[in-house]
$ cat work_6.txt   # compact mmCIF, N, CA and C atoms
# COMPACT_ATOMS: atom_id res chain seq x y z
N MET A 11 204.18 276.62 39.88
CA MET A 11 204.36 276.73 38.45
C MET A 11 204.67 275.39 37.83
N GLY A 12 205.52 274.56 38.49
CA GLY A 12 205.90 273.27 37.93
C GLY A 12 204.73 272.32 37.76
N SER A 13 203.82 272.28 38.77
CA SER A 13 202.67 271.37 38.66
C SER A 13 201.68 271.85 37.61
N THR A 14 201.56 273.15 37.43
CA THR A 14 200.69 273.67 36.38
C THR A 14 201.23 273.30 35.01
N TRP A 15 202.52 273.42 34.83
CA TRP A 15 203.14 273.09 33.54
C TRP A 15 202.98 271.61 33.22
N SER A 16 203.10 270.75 34.24
CA SER A 16 202.99 269.32 34.00
C SER A 16 201.57 268.92 33.60
N GLN A 17 200.59 269.76 33.91
CA GLN A 17 199.22 269.47 33.48
C GLN A 17 199.07 269.67 31.97
N PHE A 18 199.83 270.60 31.41
CA PHE A 18 199.77 270.85 29.97
C PHE A 18 200.60 269.84 29.19
N LEU A 19 201.71 269.41 29.76
CA LEU A 19 202.60 268.45 29.10
C LEU A 19 202.90 267.29 30.06
N PRO A 20 201.91 266.38 30.24
CA PRO A 20 202.16 265.28 31.17
C PRO A 20 203.25 264.35 30.63
N PRO A 21 203.96 263.66 31.52
CA PRO A 21 205.01 262.76 31.06
C PRO A 21 204.42 261.56 30.31
N THR A 22 205.22 260.94 29.47
CA THR A 22 204.74 259.76 28.76
C THR A 22 204.51 258.62 29.75
N PRO A 23 203.46 257.84 29.55
CA PRO A 23 203.17 256.77 30.50
C PRO A 23 204.22 255.67 30.44
N SER A 24 204.51 255.09 31.60
CA SER A 24 205.49 254.01 31.64
C SER A 24 204.84 252.66 31.35
N LEU A 25 203.53 252.55 31.52
CA LEU A 25 202.80 251.32 31.24
C LEU A 25 201.92 251.53 30.03
N THR A 26 202.15 250.77 28.97
CA THR A 26 201.36 250.87 27.75
C THR A 26 200.98 249.48 27.28
N GLU A 27 200.15 249.41 26.25
CA GLU A 27 199.78 248.12 25.67
C GLU A 27 201.01 247.39 25.14
N ALA A 28 201.99 248.13 24.69
CA ALA A 28 203.18 247.53 24.10
C ALA A 28 204.05 246.82 25.12
N ASN A 29 204.11 247.32 26.36
CA ASN A 29 205.02 246.71 27.34
C ASN A 29 204.29 246.01 28.50
N LEU A 30 202.99 245.85 28.39
CA LEU A 30 202.23 245.16 29.43
C LEU A 30 202.41 243.64 29.26
N PRO A 31 202.94 242.95 30.27
CA PRO A 31 203.11 241.50 30.15
C PRO A 31 201.75 240.79 30.19
N SER A 32 201.74 239.53 29.92
CA SER A 32 200.51 238.73 29.95
C SER A 32 199.87 238.82 31.33
N GLN A 33 198.57 239.02 31.34
CA GLN A 33 197.80 239.10 32.58
C GLN A 33 196.90 237.88 32.73
N LYS A 34 197.19 236.82 31.98
CA LYS A 34 196.39 235.59 32.02
C LYS A 34 196.38 235.02 33.44
N GLY A 35 195.18 234.69 33.92
CA GLY A 35 195.03 234.14 35.26
C GLY A 35 194.86 235.19 36.34
N LYS A 36 194.91 236.46 35.99
CA LYS A 36 194.75 237.53 36.98
C LYS A 36 193.36 238.15 36.85
N VAL A 37 192.85 238.66 37.96
CA VAL A 37 191.51 239.24 38.01
C VAL A 37 191.61 240.71 38.40
N PHE A 38 190.84 241.56 37.70
CA PHE A 38 190.87 243.00 37.94
C PHE A 38 189.45 243.53 38.09
N ILE A 39 189.27 244.51 38.96
CA ILE A 39 188.01 245.24 39.09
C ILE A 39 188.30 246.68 38.72
N VAL A 40 187.60 247.17 37.70
CA VAL A 40 187.80 248.54 37.23
C VAL A 40 186.48 249.31 37.40
N PRO A 41 186.39 250.18 38.42
CA PRO A 41 185.17 250.96 38.59
C PRO A 41 185.06 252.04 37.51
N GLY A 42 183.86 252.21 36.97
CA GLY A 42 183.63 253.22 35.94
C GLY A 42 184.38 252.92 34.65
N GLY A 43 184.49 251.67 34.31
CA GLY A 43 185.27 251.27 33.15
C GLY A 43 184.58 251.43 31.82
N TYR A 44 183.43 252.10 31.77
CA TYR A 44 182.76 252.25 30.49
C TYR A 44 183.05 253.58 29.82
N SER A 45 183.97 254.38 30.38
CA SER A 45 184.37 255.61 29.71
C SER A 45 185.71 256.09 30.27
N GLY A 46 186.35 256.97 29.54
CA GLY A 46 187.57 257.61 30.00
C GLY A 46 188.73 256.67 30.25
N ILE A 47 189.48 256.98 31.29
CA ILE A 47 190.68 256.20 31.63
C ILE A 47 190.30 254.77 32.02
N GLY A 48 189.17 254.60 32.70
CA GLY A 48 188.72 253.26 33.07
C GLY A 48 188.49 252.37 31.86
N LEU A 49 187.92 252.94 30.81
CA LEU A 49 187.69 252.19 29.58
C LEU A 49 189.03 251.79 28.95
N GLY A 50 189.97 252.70 28.91
CA GLY A 50 191.29 252.40 28.37
C GLY A 50 191.98 251.29 29.16
N LEU A 51 191.83 251.32 30.48
CA LEU A 51 192.43 250.29 31.32
C LEU A 51 191.76 248.94 31.08
N CYS A 52 190.43 248.93 30.96
CA CYS A 52 189.71 247.68 30.67
C CYS A 52 190.20 247.07 29.36
N ILE A 53 190.37 247.89 28.35
CA ILE A 53 190.84 247.41 27.04
C ILE A 53 192.22 246.79 27.18
N MET A 54 193.13 247.49 27.85
CA MET A 54 194.50 246.99 28.01
C MET A 54 194.54 245.66 28.75
N LEU A 55 193.83 245.58 29.87
CA LEU A 55 193.86 244.38 30.68
C LEU A 55 193.18 243.20 29.99
N TYR A 56 192.08 243.48 29.30
CA TYR A 56 191.35 242.44 28.56
C TYR A 56 192.22 241.87 27.44
N GLN A 57 192.87 242.74 26.69
CA GLN A 57 193.73 242.29 25.59
C GLN A 57 194.94 241.52 26.08
N ALA A 58 195.38 241.82 27.30
CA ALA A 58 196.55 241.13 27.85
C ALA A 58 196.16 239.78 28.47
N GLY A 59 194.86 239.41 28.40
CA GLY A 59 194.43 238.11 28.87
C GLY A 59 193.87 238.08 30.27
N GLY A 60 193.65 239.23 30.87
CA GLY A 60 193.11 239.27 32.23
C GLY A 60 191.61 239.09 32.26
N LYS A 61 191.11 238.74 33.42
CA LYS A 61 189.66 238.68 33.65
C LYS A 61 189.29 240.01 34.29
N VAL A 62 188.50 240.80 33.58
CA VAL A 62 188.20 242.17 33.99
C VAL A 62 186.73 242.27 34.38
N TYR A 63 186.49 242.76 35.59
CA TYR A 63 185.14 243.08 36.04
C TYR A 63 184.96 244.59 35.87
N LEU A 64 184.08 244.97 34.97
CA LEU A 64 183.78 246.38 34.73
C LEU A 64 182.68 246.75 35.72
N ALA A 65 183.04 247.46 36.77
CA ALA A 65 182.11 247.80 37.85
C ALA A 65 181.50 249.17 37.63
N GLY A 66 180.20 249.28 37.87
CA GLY A 66 179.54 250.58 37.73
C GLY A 66 178.06 250.49 38.03
N ARG A 67 177.41 251.63 37.97
CA ARG A 67 175.98 251.70 38.26
C ARG A 67 175.13 251.38 37.05
N SER A 68 175.57 251.80 35.86
CA SER A 68 174.75 251.68 34.66
C SER A 68 175.07 250.39 33.90
N GLU A 69 174.17 249.43 34.00
CA GLU A 69 174.36 248.18 33.27
C GLU A 69 174.30 248.41 31.77
N GLU A 70 173.44 249.32 31.35
CA GLU A 70 173.29 249.61 29.92
C GLU A 70 174.60 250.14 29.33
N LYS A 71 175.23 251.11 29.99
CA LYS A 71 176.50 251.66 29.52
C LYS A 71 177.60 250.61 29.54
N ALA A 72 177.61 249.81 30.59
CA ALA A 72 178.64 248.78 30.74
C ALA A 72 178.52 247.74 29.64
N MET A 73 177.31 247.26 29.38
CA MET A 73 177.12 246.23 28.35
C MET A 73 177.46 246.77 26.96
N GLU A 74 177.18 248.03 26.72
CA GLU A 74 177.54 248.64 25.44
C GLU A 74 179.06 248.73 25.31
N ALA A 75 179.73 249.13 26.37
CA ALA A 75 181.20 249.22 26.35
C ALA A 75 181.82 247.83 26.16
N ILE A 76 181.29 246.83 26.85
CA ILE A 76 181.81 245.47 26.73
C ILE A 76 181.65 244.96 25.30
N ALA A 77 180.48 245.20 24.71
CA ALA A 77 180.25 244.76 23.34
C ALA A 77 181.21 245.45 22.37
N ASN A 78 181.45 246.75 22.58
CA ASN A 78 182.37 247.49 21.72
C ASN A 78 183.80 246.99 21.87
N ILE A 79 184.21 246.70 23.09
CA ILE A 79 185.57 246.21 23.34
C ILE A 79 185.76 244.85 22.68
N LYS A 80 184.80 243.95 22.87
CA LYS A 80 184.92 242.61 22.30
C LYS A 80 184.89 242.63 20.78
N ALA A 81 184.10 243.52 20.20
CA ALA A 81 184.01 243.60 18.74
C ALA A 81 185.27 244.20 18.13
N ALA A 82 185.81 245.24 18.76
CA ALA A 82 186.96 245.93 18.19
C ALA A 82 188.28 245.22 18.45
N ARG A 83 188.40 244.58 19.61
CA ARG A 83 189.68 243.97 20.01
C ARG A 83 189.45 242.61 20.65
N PRO A 84 189.15 241.60 19.85
CA PRO A 84 188.94 240.28 20.44
C PRO A 84 190.19 239.74 21.12
N SER A 85 189.99 239.03 22.21
CA SER A 85 191.10 238.44 22.97
C SER A 85 190.79 236.98 23.25
N PRO A 86 191.66 236.06 22.84
CA PRO A 86 191.38 234.64 23.08
C PRO A 86 191.46 234.26 24.56
N ASP A 87 192.25 234.96 25.33
CA ASP A 87 192.45 234.60 26.74
C ASP A 87 191.69 235.50 27.70
N GLY A 88 191.32 236.71 27.28
CA GLY A 88 190.70 237.67 28.18
C GLY A 88 189.21 237.43 28.38
N ALA A 89 188.70 237.95 29.48
CA ALA A 89 187.27 237.91 29.78
C ALA A 89 186.90 239.26 30.38
N ILE A 90 185.73 239.75 30.01
CA ILE A 90 185.27 241.02 30.57
C ILE A 90 183.79 240.87 30.92
N LEU A 91 183.45 241.22 32.17
CA LEU A 91 182.12 241.02 32.71
C LEU A 91 181.65 242.28 33.44
N PHE A 92 180.34 242.45 33.52
CA PHE A 92 179.77 243.58 34.26
C PHE A 92 179.61 243.20 35.73
N LEU A 93 179.99 244.10 36.62
CA LEU A 93 179.82 243.93 38.06
C LEU A 93 179.01 245.12 38.57
N PRO A 94 177.72 244.90 38.92
CA PRO A 94 176.92 246.02 39.42
C PRO A 94 177.47 246.52 40.75
N LEU A 95 177.78 247.80 40.80
CA LEU A 95 178.38 248.37 42.00
C LEU A 95 177.99 249.83 42.10
N GLN A 96 177.43 250.19 43.24
CA GLN A 96 177.02 251.56 43.49
C GLN A 96 177.72 252.02 44.75
N LEU A 97 178.82 252.74 44.60
CA LEU A 97 179.66 253.08 45.74
C LEU A 97 179.05 254.11 46.68
N ASP A 98 178.01 254.81 46.27
CA ASP A 98 177.36 255.73 47.19
C ASP A 98 176.34 255.02 48.09
N ASP A 99 176.11 253.73 47.84
CA ASP A 99 175.24 252.91 48.68
C ASP A 99 176.02 251.64 49.03
N LEU A 100 176.67 251.62 50.18
CA LEU A 100 177.57 250.52 50.54
C LEU A 100 176.86 249.20 50.80
N THR A 101 175.53 249.22 50.92
CA THR A 101 174.82 247.96 51.09
C THR A 101 174.88 247.12 49.81
N THR A 102 175.17 247.74 48.67
CA THR A 102 175.26 247.00 47.40
C THR A 102 176.61 246.31 47.24
N THR A 103 177.55 246.54 48.13
CA THR A 103 178.88 245.96 48.00
C THR A 103 179.02 244.61 48.69
N ASN A 104 178.04 244.15 49.45
CA ASN A 104 178.14 242.87 50.18
C ASN A 104 177.48 241.72 49.42
N ARG A 105 177.68 241.58 48.17
CA ARG A 105 177.03 240.51 47.43
C ARG A 105 177.89 239.31 47.36
$ encode --input "work_6.txt" --output "structure tokens"
Amino acid sequence: MGSTWSQFLPPTPSLTEANLPSQKGKVFIVPGGYSGIGLGLCIMLYQAGGKVYLAGRSEEKAMEAIANIKAARPSPDGAILFLPLQLDDLTTTNR
């Protein structure tokens, strides 16, 4: 019963844009960062000055997400790039 209830009322997150320290000089890989929670994480890390690799299969979706992030929330220190990655085919991970 407790776990079901927590699905309806999840706790407030402890990490938010407001309390995230500077991520300048740090590198992050976010798989599936062009939608959902991954997109939110990419935005947070990019705005905090991190170098974010948005990894995924669809270059078209990734480039659209990157353009939207840069247009809506410019960051002087952050960088966001597409990293082609197909996790169901591990031969694509040795680049």
$ closest_residue --input "work_6.txt" --among "A:Leu25, A:Gln57, A:Arg67, A:Gly42" --to "Pro84 of chain A" --atoms "only N, CA and C atoms"
A:Gln57
$ select_by_dssp --input "work_6.txt" --residues "chain A" --states "strand (DSSP E)" --output "PyMOL selection string"
chain A and resi 37-41+61-66+89-94
$ residues_around --input "work_6.txt" --residues "Ala65 of chain A" --least-positions-apart "2" --cutoff "6 Å" --atoms "all atoms listed in the file" --output "list in words"
Ile39, Val40, Pro41, Gly42, Gly43, Tyr63, Arg67, Phe92, Leu93, Pro94 and Leu95 of chain A
$ select_by_dssp --input "work_6.txt" --residues "chain A" --states "helix (DSSP H, G or I)" --output "JSON, numbers by chain"
{"A": [12, 13, 14, 15, 16, 17, 18, 46, 47, 48, 49, 50, 51, 52, 53, 54, 55, 56, 57, 69, 70, 71, 72, 73, 74, 75, 76, 77, 78, 79, 80, 81, 82, 100, 101, 102, 103]}
$ atom_distance --input "work_6.txt" --atom1 "atom C of Pro31 of chain A" --atom2 "atom N of Gly60 of chain A"
8.3 Å
$ atom_distance --input "work_6.txt" --atom1 "atom CA of Lys80 of chain A" --atom2 "atom CA of Gln96 of chain A"
24.3 Å
$ atom_distance --input "work_6.txt" --atom1 "atom CA of Gly88 of chain A" --atom2 "atom N of Met54 of chain A"
10.1 Å
$ closest_residue --input "work_6.txt" --among "A:Leu97, A:Leu91, A:Leu51, A:Leu30" --to "Met73 of chain A" --atoms "only N, CA and C atoms"
A:Leu91
$ residues_around --input "work_6.txt" --residues "Ser85 of chain A" --least-positions-apart "2" --cutoff "8 Å" --atoms "only N, CA and C atoms" --output "list in words"
Tyr56, Gln57, Ala58, Gly59, Ile79, Lys80, Ala81, Ala82, Arg83, Asp87, Gly88 and Ala89 of chain A
$ axis_aligned_box --input "work_6.txt" --around "segment 65-82 of chain A" --padding-each-side "4 Å" --output "lines of an AutoDock Vina configuration file"
center_x = 180.8
center_y = 247.2
center_z = 28.2
size_x = 23.0
size_y = 17.2
size_z = 28.1
$ decode --input "work_6.txt" --residues "segment 86-99 of chain A" --atoms "N, CA, C and O atoms" --output "CSV table (one decimal), in the first residue's frame"
chain,number,residue,atom,x,y,z
A,86,PRO,N,25.9,30.7,-21.2
A,86,PRO,CA,27.2,31.1,-21.6
A,86,PRO,C,28.3,30.0,-21.4
A,86,PRO,O,29.3,30.0,-22.2
A,87,ASP,N,28.2,29.2,-20.4
A,87,ASP,CA,29.2,28.2,-20.1
A,87,ASP,C,28.9,26.8,-20.6
A,87,ASP,O,29.8,26.0,-20.7
A,88,GLY,N,27.6,26.5,-20.8
A,88,GLY,CA,27.2,25.1,-21.1
A,88,GLY,C,27.4,24.8,-22.6
A,88,GLY,O,27.5,25.7,-23.5
A,89,ALA,N,27.5,23.5,-22.9
A,89,ALA,CA,27.5,23.0,-24.2
A,89,ALA,C,26.7,21.8,-24.3
A,89,ALA,O,26.6,21.0,-23.3
A,90,ILE,N,26.0,21.6,-25.4
A,90,ILE,CA,25.1,20.4,-25.6
A,90,ILE,C,25.3,19.9,-27.0
A,90,ILE,O,25.2,20.6,-28.0
A,91,LEU,N,25.6,18.6,-27.1
A,91,LEU,CA,26.0,18.0,-28.4
A,91,LEU,C,25.2,16.6,-28.5
A,91,LEU,O,24.9,16.0,-27.5
A,92,PHE,N,25.0,16.2,-29.8
A,92,PHE,CA,24.4,14.9,-30.0
A,92,PHE,C,25.5,13.9,-30.1
A,92,PHE,O,26.5,14.0,-30.6
A,93,LEU,N,25.2,12.7,-29.4
A,93,LEU,CA,26.0,11.6,-29.4
A,93,LEU,C,25.2,10.4,-30.0
A,93,LEU,O,24.3,9.9,-29.3
A,94,PRO,N,25.5,9.9,-31.2
A,94,PRO,CA,24.7,8.8,-31.7
A,94,PRO,C,25.0,7.5,-30.9
A,94,PRO,O,26.2,7.2,-30.8
A,95,LEU,N,24.0,6.9,-30.4
A,95,LEU,CA,24.2,5.8,-29.6
A,95,LEU,C,22.9,4.9,-29.7
A,95,LEU,O,21.8,5.3,-29.5
A,96,GLN,N,23.2,3.6,-30.1
A,96,GLN,CA,22.1,2.7,-30.2
A,96,GLN,C,22.4,1.5,-29.3
A,96,GLN,O,23.2,0.6,-29.6
A,97,LEU,N,21.8,1.5,-28.1
A,97,LEU,CA,22.1,0.5,-27.1
A,97,LEU,C,21.7,-0.9,-27.4
A,97,LEU,O,22.2,-1.8,-26.7
A,98,ASP,N,20.8,-1.1,-28.3
A,98,ASP,CA,20.4,-2.5,-28.7
A,98,ASP,C,21.4,-3.1,-29.7
A,98,ASP,O,21.3,-4.3,-30.0
A,99,ASP,N,22.4,-2.3,-30.2
A,99,ASP,CA,23.4,-2.8,-31.0
A,99,ASP,C,24.8,-2.3,-30.4
A,99,ASP,O,25.2,-1.2,-30.7
